[in-house]
Every structure is written in structure tokens, then in C-alpha cells.
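> This is the content of final.tsv (TSV, C-alpha atoms):
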```tsv
chain	number	residue	atom	x	y	z
A	16	VAL	CA	-14.84	-19.63	11.61
A	17	SER	CA	-12.64	-16.77	12.85
A	18	ILE	CA	-12.97	-13.83	10.43
A	19	MET	CA	-9.99	-11.43	10.37
A	20	ILE	CA	-10.59	-7.92	9.01
A	21	PRO	CA	-7.68	-5.45	8.80
A	22	LEU	CA	-8.77	-1.80	8.83
A	23	PHE	CA	-7.25	1.57	8.11
A	24	GLN	CA	-9.48	4.65	8.16
A	25	THR	CA	-12.44	3.46	6.10
A	26	PRO	CA	-15.39	3.83	8.52
A	27	GLU	CA	-18.07	3.56	5.82
A	28	LEU	CA	-16.65	0.32	4.46
A	29	VAL	CA	-16.11	-1.35	7.82
A	30	ARG	CA	-19.60	-0.40	9.00
A	31	LEU	CA	-21.18	-2.05	5.95
A	32	CYS	CA	-18.80	-5.01	6.12
A	33	VAL	CA	-19.43	-6.01	9.74
A	34	ARG	CA	-23.17	-5.32	9.57
A	35	SER	CA	-23.43	-7.40	6.38
A	36	ILE	CA	-21.60	-10.26	8.08
A	37	ARG	CA	-24.02	-10.02	10.98
A	38	HIS	CA	-27.07	-9.79	8.68
A	39	HIS	CA	-26.12	-12.67	6.37
A	40	THR	CA	-24.46	-15.22	8.68
A	41	HIS	CA	-26.78	-17.58	10.55
A	42	ASP	CA	-25.73	-21.16	9.82
A	43	VAL	CA	-22.04	-21.21	10.84
A	44	PRO	CA	-20.66	-20.27	14.29
A	45	TYR	CA	-18.20	-17.40	13.85
A	46	GLU	CA	-16.25	-14.63	15.48
A	47	VAL	CA	-15.06	-11.40	13.90
A	48	ILE	CA	-11.67	-9.94	14.79
A	49	VAL	CA	-11.08	-6.42	13.45
A	50	VAL	CA	-7.44	-5.32	13.56
A	51	ASP	CA	-7.13	-1.55	13.28
A	52	ASN	CA	-3.84	-0.36	11.77
A	53	HIS	CA	-3.53	2.82	13.86
A	54	SER	CA	-6.44	4.73	12.28
A	55	ARG	CA	-6.27	8.41	13.18
A	56	ASP	CA	-9.48	9.62	11.57
A	57	GLY	CA	-11.48	9.22	14.81
A	58	ARG	CA	-14.58	7.87	13.11
A	59	SER	CA	-13.32	4.33	12.45
A	60	LEU	CA	-12.49	3.48	16.06
A	61	ASP	CA	-15.41	5.49	17.43
A	62	TYR	CA	-17.73	3.21	15.49
A	63	LEU	CA	-15.97	-0.09	16.13
A	64	ARG	CA	-15.85	0.48	19.89
A	65	THR	CA	-19.65	0.51	19.89
A	66	VAL	CA	-20.03	-2.85	18.09
A	67	GLU	CA	-20.70	-5.23	20.95
A	68	TRP	CA	-20.05	-8.58	19.27
A	69	ILE	CA	-16.69	-8.10	17.53
A	70	ARG	CA	-13.20	-8.47	18.97
A	71	LEU	CA	-11.21	-5.30	18.30
A	72	ILE	CA	-7.41	-5.17	18.27
A	73	GLU	CA	-6.10	-1.59	18.21
A	74	ARG	CA	-2.56	-1.10	16.97
A	75	THR	CA	-1.30	2.09	18.56
A	76	GLU	CA	2.15	2.31	16.95
A	77	ASP	CA	2.92	3.66	13.49
A	78	VAL	CA	2.37	0.73	11.15
A	79	GLY	CA	4.43	1.86	8.18
A	80	ALA	CA	3.78	0.75	4.61
A	81	PHE	CA	0.12	0.02	3.88
A	82	VAL	CA	0.64	-3.42	2.31
A	83	GLN	CA	3.03	-4.50	5.05
A	84	GLY	CA	0.63	-3.29	7.74
A	85	HIS	CA	-2.19	-5.25	6.14
A	86	LYS	CA	-0.22	-8.51	6.29
A	87	GLU	CA	0.85	-7.85	9.88
A	88	ALA	CA	-2.79	-7.22	10.83
A	89	VAL	CA	-3.98	-10.51	9.33
A	90	ASP	CA	-1.27	-12.38	11.26
A	91	LEU	CA	-2.29	-10.65	14.49
A	92	GLY	CA	-5.85	-11.81	13.84
A	93	PHE	CA	-4.65	-15.35	13.13
A	94	ALA	CA	-2.77	-15.39	16.45
A	95	ALA	CA	-5.87	-14.25	18.36
A	96	ALA	CA	-8.30	-16.58	16.56
A	97	ARG	CA	-10.07	-19.40	18.38
A	98	ALA	CA	-11.93	-21.26	15.60
A	99	PRO	CA	-10.66	-24.21	13.51
A	100	TYR	CA	-11.06	-22.19	10.29
A	101	LEU	CA	-9.45	-18.79	9.60
A	102	LEU	CA	-10.94	-16.37	7.09
A	103	SER	CA	-8.90	-13.44	5.82
A	104	PHE	CA	-11.39	-10.75	4.80
A	105	HIS	CA	-11.27	-7.16	3.53
A	106	THR	CA	-13.45	-4.24	4.55
A	107	ASP	CA	-14.39	-3.85	0.87
A	108	THR	CA	-15.61	-7.47	0.63
A	109	ILE	CA	-19.32	-7.49	1.42
A	110	PRO	CA	-21.49	-10.58	2.03
A	111	ILE	CA	-24.70	-10.39	0.01
A	112	ARG	CA	-26.25	-13.85	0.48
A	113	ASN	CA	-27.03	-15.92	3.57
A	114	ASP	CA	-25.01	-18.95	2.46
A	115	TRP	CA	-21.80	-16.99	1.82
A	116	LEU	CA	-19.85	-18.45	4.74
A	117	SER	CA	-21.35	-21.95	4.79
A	118	TRP	CA	-20.58	-22.29	1.07
A	119	HIS	CA	-16.91	-21.51	1.69
A	120	VAL	CA	-16.81	-24.02	4.56
A	121	GLN	CA	-18.37	-26.66	2.30
A	122	GLN	CA	-15.63	-26.09	-0.28
A	123	ILE	CA	-12.80	-26.60	2.21
A	124	GLU	CA	-14.48	-29.57	3.89
A	125	ALA	CA	-15.01	-31.40	0.59
A	126	ASP	CA	-11.61	-33.07	1.05
A	127	PRO	CA	-9.34	-33.21	4.13
A	128	GLN	CA	-6.37	-32.47	1.86
A	129	ILE	CA	-7.81	-29.04	1.01
A	130	ALA	CA	-6.15	-26.56	3.38
A	131	ALA	CA	-7.27	-23.31	1.73
A	132	VAL	CA	-9.98	-22.00	-0.58
A	133	GLY	CA	-10.47	-18.64	-2.23
A	134	THR	CA	-9.92	-16.72	-5.46
A	135	TYR	CA	-7.02	-14.96	-7.13
A	136	LYS	CA	-9.07	-12.03	-8.39
A	137	LEU	CA	-12.57	-11.31	-7.14
A	138	GLU	CA	-14.07	-9.31	-9.96
A	139	PHE	CA	-15.80	-10.04	-13.24
A	140	LYS	CA	-13.43	-9.60	-16.20
A	141	PRO	CA	-13.15	-11.37	-19.55
A	142	ALA	CA	-10.98	-14.46	-19.39
A	143	TRP	CA	-8.46	-13.00	-21.87
A	144	LEU	CA	-8.02	-9.90	-19.69
A	145	GLN	CA	-7.54	-12.00	-16.56
A	146	ARG	CA	-4.85	-14.03	-18.37
A	147	LEU	CA	-3.14	-10.84	-19.55
A	148	GLN	CA	-3.11	-9.37	-16.05
A	149	SER	CA	-1.76	-12.61	-14.60
A	150	TRP	CA	0.97	-12.66	-17.25
A	151	LYS	CA	1.95	-9.03	-16.55
A	152	GLU	CA	2.18	-9.70	-12.82
A	153	SER	CA	4.28	-12.82	-13.48
A	154	VAL	CA	6.69	-10.85	-15.68
A	155	PHE	CA	7.00	-8.17	-13.01
A	156	ARG	CA	7.75	-10.69	-10.28
A	157	TRP	CA	10.32	-12.42	-12.51
A	158	SER	CA	12.05	-9.22	-13.58
A	159	SER	CA	12.30	-7.93	-10.02
A	160	ARG	CA	13.43	-11.35	-8.72
A	161	LYS	CA	10.60	-11.49	-6.21
A	162	SER	CA	9.55	-15.06	-6.88
A	163	GLU	CA	11.91	-17.41	-5.05
A	164	LYS	CA	10.56	-20.51	-6.80
A	165	GLY	CA	9.70	-18.94	-10.14
A	166	ASP	CA	6.09	-20.05	-9.67
A	167	HIS	CA	3.82	-17.62	-11.50
A	168	ARG	CA	0.50	-19.43	-11.18
A	169	PRO	CA	-2.55	-17.68	-9.70
A	170	TYR	CA	-2.86	-18.06	-5.95
A	171	ILE	CA	-5.46	-17.42	-3.24
A	172	ARG	CA	-5.39	-13.76	-2.26
A	173	SER	CA	-6.49	-12.21	1.00
A	174	HIS	CA	-9.82	-10.56	0.12
A	175	CYS	CA	-11.83	-13.70	1.05
A	176	ALA	CA	-9.52	-16.63	1.85
A	177	LEU	CA	-10.44	-19.53	4.13
A	178	TYR	CA	-7.75	-21.69	5.77
A	179	ARG	CA	-7.51	-24.70	8.06
A	180	ARG	CA	-5.96	-23.31	11.21
A	181	ASP	CA	-4.29	-26.59	12.21
A	182	VAL	CA	-2.49	-26.86	8.84
A	183	LEU	CA	-1.17	-23.28	9.00
A	184	ASN	CA	0.07	-23.88	12.53
A	185	GLN	CA	1.60	-27.23	11.63
A	186	LEU	CA	3.50	-25.75	8.69
A	187	GLY	CA	4.27	-22.41	10.34
A	188	LEU	CA	2.64	-20.47	7.51
A	189	ARG	CA	1.66	-16.81	7.90
A	190	TYR	CA	1.08	-13.78	5.66
A	191	ASN	CA	3.96	-11.58	6.78
A	192	VAL	CA	6.91	-13.84	5.87
A	193	ASN	CA	8.32	-12.22	2.73
A	194	PRO	CA	7.81	-8.43	2.71
A	195	THR	CA	8.03	-8.28	-1.09
A	196	GLU	CA	5.20	-10.76	-1.75
A	197	THR	CA	1.47	-10.11	-2.14
A	198	ALA	CA	-0.66	-11.18	0.82
A	199	GLY	CA	-1.52	-14.87	0.55
A	200	ARG	CA	1.07	-16.01	-1.97
A	201	ASP	CA	3.54	-17.55	0.50
A	202	ILE	CA	0.75	-19.42	2.26
A	203	HIS	CA	-0.76	-20.77	-0.97
A	204	PHE	CA	2.46	-22.24	-2.34
A	205	GLY	CA	3.66	-23.28	1.11
A	206	ILE	CA	0.51	-25.36	1.46
A	207	GLU	CA	1.10	-27.00	-1.92
A	208	ARG	CA	4.79	-27.68	-1.29
A	209	ASN	CA	3.80	-29.64	1.81
A	210	GLY	CA	1.35	-31.94	0.05
A	211	TYR	CA	-1.94	-30.14	0.75
A	212	ASP	CA	-4.28	-28.51	-1.76
A	213	ALA	CA	-5.06	-24.81	-2.11
A	214	LYS	CA	-8.28	-24.68	-4.13
A	215	LEU	CA	-9.05	-21.74	-6.38
A	216	LEU	CA	-12.82	-21.20	-6.39
A	217	SER	CA	-15.02	-20.09	-9.26
A	218	ILE	CA	-15.11	-16.30	-9.36
A	219	PRO	CA	-18.75	-16.13	-10.61
A	220	GLU	CA	-19.85	-18.62	-7.92
A	221	THR	CA	-18.05	-16.64	-5.23
A	222	MET	CA	-19.45	-13.32	-6.42
A	223	LEU	CA	-22.99	-14.64	-6.15
A	224	ARG	CA	-22.31	-14.60	-2.39
A	225	VAL	CA	-19.95	-11.68	-1.79
A	226	THR	CA	-19.28	-8.43	-3.59
A	227	HIS	CA	-15.72	-7.13	-3.74
A	228	LEU	CA	-15.55	-3.33	-4.05
A	229	ASN	CA	-12.14	-3.58	-5.64
A	230	HIS	CA	-9.51	-1.12	-4.32
A	231	GLY	CA	-12.07	0.21	-1.84
A	232	THR	CA	-9.52	1.43	0.71
A	233	MET	CA	-7.50	3.14	-2.03
A	234	VAL	CA	-10.64	4.84	-3.32
A	235	PHE	CA	-11.45	6.29	0.10
A	236	LEU	CA	-7.77	7.10	0.77
A	237	PRO	CA	-6.23	8.15	-2.57
A	238	GLU	CA	-3.16	9.40	-0.72
A	239	LEU	CA	-2.12	5.75	-0.48
A	240	GLY	CA	-1.15	5.91	-4.14
A	241	ALA	CA	-4.14	5.04	-6.34
A	242	SER	CA	-4.31	6.69	-9.75
A	243	GLY	CA	-6.93	9.34	-10.42
A	244	ARG	CA	-8.67	7.02	-12.86
A	245	THR	CA	-8.87	4.23	-10.26
A	246	VAL	CA	-10.30	6.63	-7.68
A	247	ARG	CA	-12.91	8.09	-10.04
A	248	ARG	CA	-14.11	4.70	-11.30
A	249	GLY	CA	-14.07	3.28	-7.79
A	250	GLN	CA	-16.11	6.15	-6.38
A	251	THR	CA	-18.79	5.64	-9.02
A	252	ARG	CA	-18.88	1.86	-8.43
A	253	ILE	CA	-19.04	2.21	-4.62
A	254	GLN	CA	-21.69	4.93	-4.73
A	255	ARG	CA	-23.91	2.77	-6.92
A	256	PHE	CA	-23.46	-0.22	-4.62
A	257	PHE	CA	-24.25	1.78	-1.47
A	258	ALA	CA	-27.35	3.22	-3.17
A	259	ARG	CA	-28.96	-0.19	-3.63
A	260	PRO	CA	-31.97	-0.36	-1.27
A	261	GLU	CA	-31.02	-3.68	0.32
A	262	ILE	CA	-27.44	-2.49	0.92
A	263	ARG	CA	-28.58	0.85	2.34
A	264	ALA	CA	-30.96	-0.95	4.70
A	265	VAL	CA	-28.15	-3.07	6.16
A	266	TYR	CA	-25.77	-0.09	6.38
A	267	GLU	CA	-28.31	1.94	8.35
A	268	ASP	CA	-29.47	-0.85	10.71
A	269	ASP	CA	-27.94	0.08	14.08
A	270	SER	CA	-29.45	-2.99	15.74
A	271	LEU	CA	-26.91	-5.15	13.91
A	272	ASP	CA	-24.20	-3.79	16.23
A	273	LYS	CA	-25.87	-5.08	19.38
A	274	LEU	CA	-24.94	-8.30	21.15
A	275	GLU	CA	-28.48	-8.68	22.43
A	276	ALA	CA	-29.84	-8.76	18.88
A	277	LEU	CA	-27.19	-11.31	17.91
A	278	ASN	CA	-28.15	-13.60	20.78
A	279	ARG	CA	-31.84	-13.28	19.91
A	280	ALA	CA	-31.12	-14.30	16.32
A	281	ALA	CA	-29.10	-17.29	17.48
```
Let me see the structure of the file written as C-alpha cells.


Amino acid sequence: VSIMIPLFQTPELVRLCVRSIRHHTHDVPYEVIVVDNHSRDGRSLDYLRTVEWIRLIERTEDVGAFVQGHKEAVDLGFAAARAPYLLSFHTDTIPIRNDWLSWHVQQIEADPQIAAVGTYKLEFKPAWLQRLQSWKESVFRWSSRKSEKGDHRPYIRSHCALYRRDVLNQLGLRYNVNPTETAGRDIHFGIERNGYDAKLLSIPETMLRVTHLNHGTMVFLPELGASGRTVRRGQTRIQRFFARPEIRAVYEDDSLDKLEALNRAA
């Protein structure tokens, strides 16, 4: 699996993310490609340049809009990937169990017609609230004429989405096709229009294996447009997560950055 992680100025999140991948991934061959969207904080790139086992792509031009830059970064990672499976991943998505990646691979390999697996939302919310949010997003897309097909169903989003590389290449599907669409939507429905399946996974089952610190980048960088309420709630949620002993141990384990330690574990 090639794991693509876009980054913009969240050194704490990316440190925990890559070290958690390293700590919890032992049964599937993988590579990690971090695509930095012209971070200028110093700390993000200073850290990543010391991680011996990742592939780092540094974008040196001004990227522009945050959402657009994110989609461009995923596509750059897809182009550089070498594995048969491509995983779009966020810095605020944190593996917490050793079978997190093998479980995703098992889901996509259950049927050769399945070309993508993942979730629409990756957070625990009552079913009625999830339906309400989905309805509100559908109304917004319809009213602003963003949805070319009028298809308002949930789709696999980019926080933890696994794809068959050969199918994406065959169909010419990528994230940054329609600048007005959320990352992952064009790929999901493009897969289905061409006779393949895009499988939405159980959110509770997925969250047994990864934790999504929702809006993590926005919480660390409120200047990107998050509301004060989102920032305050997010800060509390992230602080509690980082304070957990098992999470703190992974975050502080410098040996997880070393290629020699990776080879020993293999």
C-alpha cells in the first residue's frame, strides 16, 4: 500500500501520524509519501526531513486555497506511488490498532469489483444527526449547482480511503478534477459509473482501528477559517487524545523515525 499524507503546518499531528503508522503496521508492505503544501512554519519540514523511511515531496510554490492544495497534494502522491493500492490519509487520522491497514486491504480484496473502500464521515454521531448533515450538504450542493449528476448519496472521503491503483489509472480518476467538489467525490461516483463498486465501511468498525481528530488542521490553524466553537472543542478533544499514555508513548518515541529500527522490525 502507498499511503499519501498531505501536510500544511501541523508538526504535532504529522509526527503522531507517521509514528503511529510505523508503530502499528507490521503485516502489510507499505510506503508513506508525505506531500508538504509549502509549509513555512519551519518545524514541519525540519521534522519530516529527519524521518528516514518516508518519501517527502516538498511543494515550494504558493499552493493557494487550502482545499484545492489538499487535492493537488493527494494527486501528486498518487503519481509518485509504487504500490498496487493507494491510501489517501490525513495527518489527523491516527492508527490505533495493529490490524488497521490489513483490515482495509481485506475489505477491498473481498471482491475484485470493489475499487475503493472508506467512510463518508469518520466520527461517532447519532444516525439521525448523520442523516441531517448529509441532507444539508446535499441541499447546499443542489442549490449551488455543484453536483453535475444530482447524486447526493454519501461517498468515500479522503481521510482514510483505499483505492485500487490500476482501476484509477484505467479510468483516469483523480482528486483534483472538479475544483468545487469535496475530495473523493468525483472518484467515488466515477468508479460506480464505470461498473465498479465503491464500498462504504462501517464507521464503528473503522474507528476501532483509527481515530480521526476531526478538523485537526483547522484546530491548529484557525486562520484557515474554522469557527471559534470548532477550534475550542477541537483543542479539548485533541489535548485529551494526546494525553492518553499509549498515544504519548508513540508520539515521544524517536526510534520510530529511524530506518534501521524499521528494518529490524521487518

> Dump as a count of residues only all residues having an atom at most 10 Å from (-11.5, 2.4, 8.6), computed in the file's coordinates with all atoms listed in the file.

26

> Could you jot down the atom CA of A:Arg200 to atom CA of A:Val43 separation for me, Å, one decimal place?

26.9 Å

> If you count all atoms listed in the file, which residues fall within 7 Å of stretch 171-180 of chain A, apart from same-chain ones fewer than 4 positions away, as an MDAnalysis selection string?

chainID A and resid 99:105 108 130:135 184 198:200 203 215

> Excluding A:Glu67 and its own-chain neighbours fewer than 5 positions away, which residues fall within 8 Å of it when counting all atoms listed in the file? Please give them as a PyMOL selection string.

chain A and resi 272-274

> Between A:Arg244, A:Arg189, A:His230, A:Arg263, which has the minimum distance to A:Asp107 (counting all atoms listed in the file)?

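For A:Asp107, the nearest of the candidates is A:His230.
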
> So that I can check the surroundings of A:Leu71, please list as an mmCIF file with C-alpha atoms, keeping the file's coordinate frame every protein, DNA and RNA residue that reaches within 10 Å of it, counting all atoms listed in the file and ignoring chain neighbours fewer than 5 positions away.


```cif
data_model
loop_
_atom_site.group_PDB
_atom_site.id
_atom_site.type_symbol
_atom_site.label_atom_id
_atom_site.label_comp_id
_atom_site.auth_asym_id
_atom_site.auth_seq_id
_atom_site.Cartn_x
_atom_site.Cartn_y
_atom_site.Cartn_z
ATOM 1 C CA ILE A 20 -10.590 -7.920 9.010
ATOM 2 C CA VAL A 47 -15.060 -11.400 13.900
ATOM 3 C CA ILE A 48 -11.670 -9.940 14.790
ATOM 4 C CA VAL A 49 -11.080 -6.420 13.450
ATOM 5 C CA VAL A 50 -7.440 -5.320 13.560
ATOM 6 C CA ASP A 51 -7.130 -1.550 13.280
ATOM 7 C CA LEU A 60 -12.490 3.480 16.060
ATOM 8 C CA LEU A 63 -15.970 -0.090 16.130
ATOM 9 C CA ARG A 64 -15.850 0.480 19.890
ATOM 10 C CA VAL A 66 -20.030 -2.850 18.090
ATOM 11 C CA GLY A 92 -5.850 -11.810 13.840
#
```

> Can you work out which one of A:Asp114, A:Asp77, A:Asp181, A:Glu87 has the shortest atom-to-atom distance to A:Arg224, counting all atoms listed in the file?

A:Asp114

> Please identify all polymer residues within 7 Å of A:Thr226, counting all atoms listed in the file, omitting same-chain residues fewer than 4 positions from it, and present them as a ChimeraX atom specification.

/A:108-111,222

> Considering all atoms listed in the file, state which residue in the set A:Tyr170, A:Trp68, A:Tyr211, A:Tyr45 is at the smallest distance from A:Ile123.

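Ranked by minimum distance to A:Ile123, first place goes to A:Tyr211.
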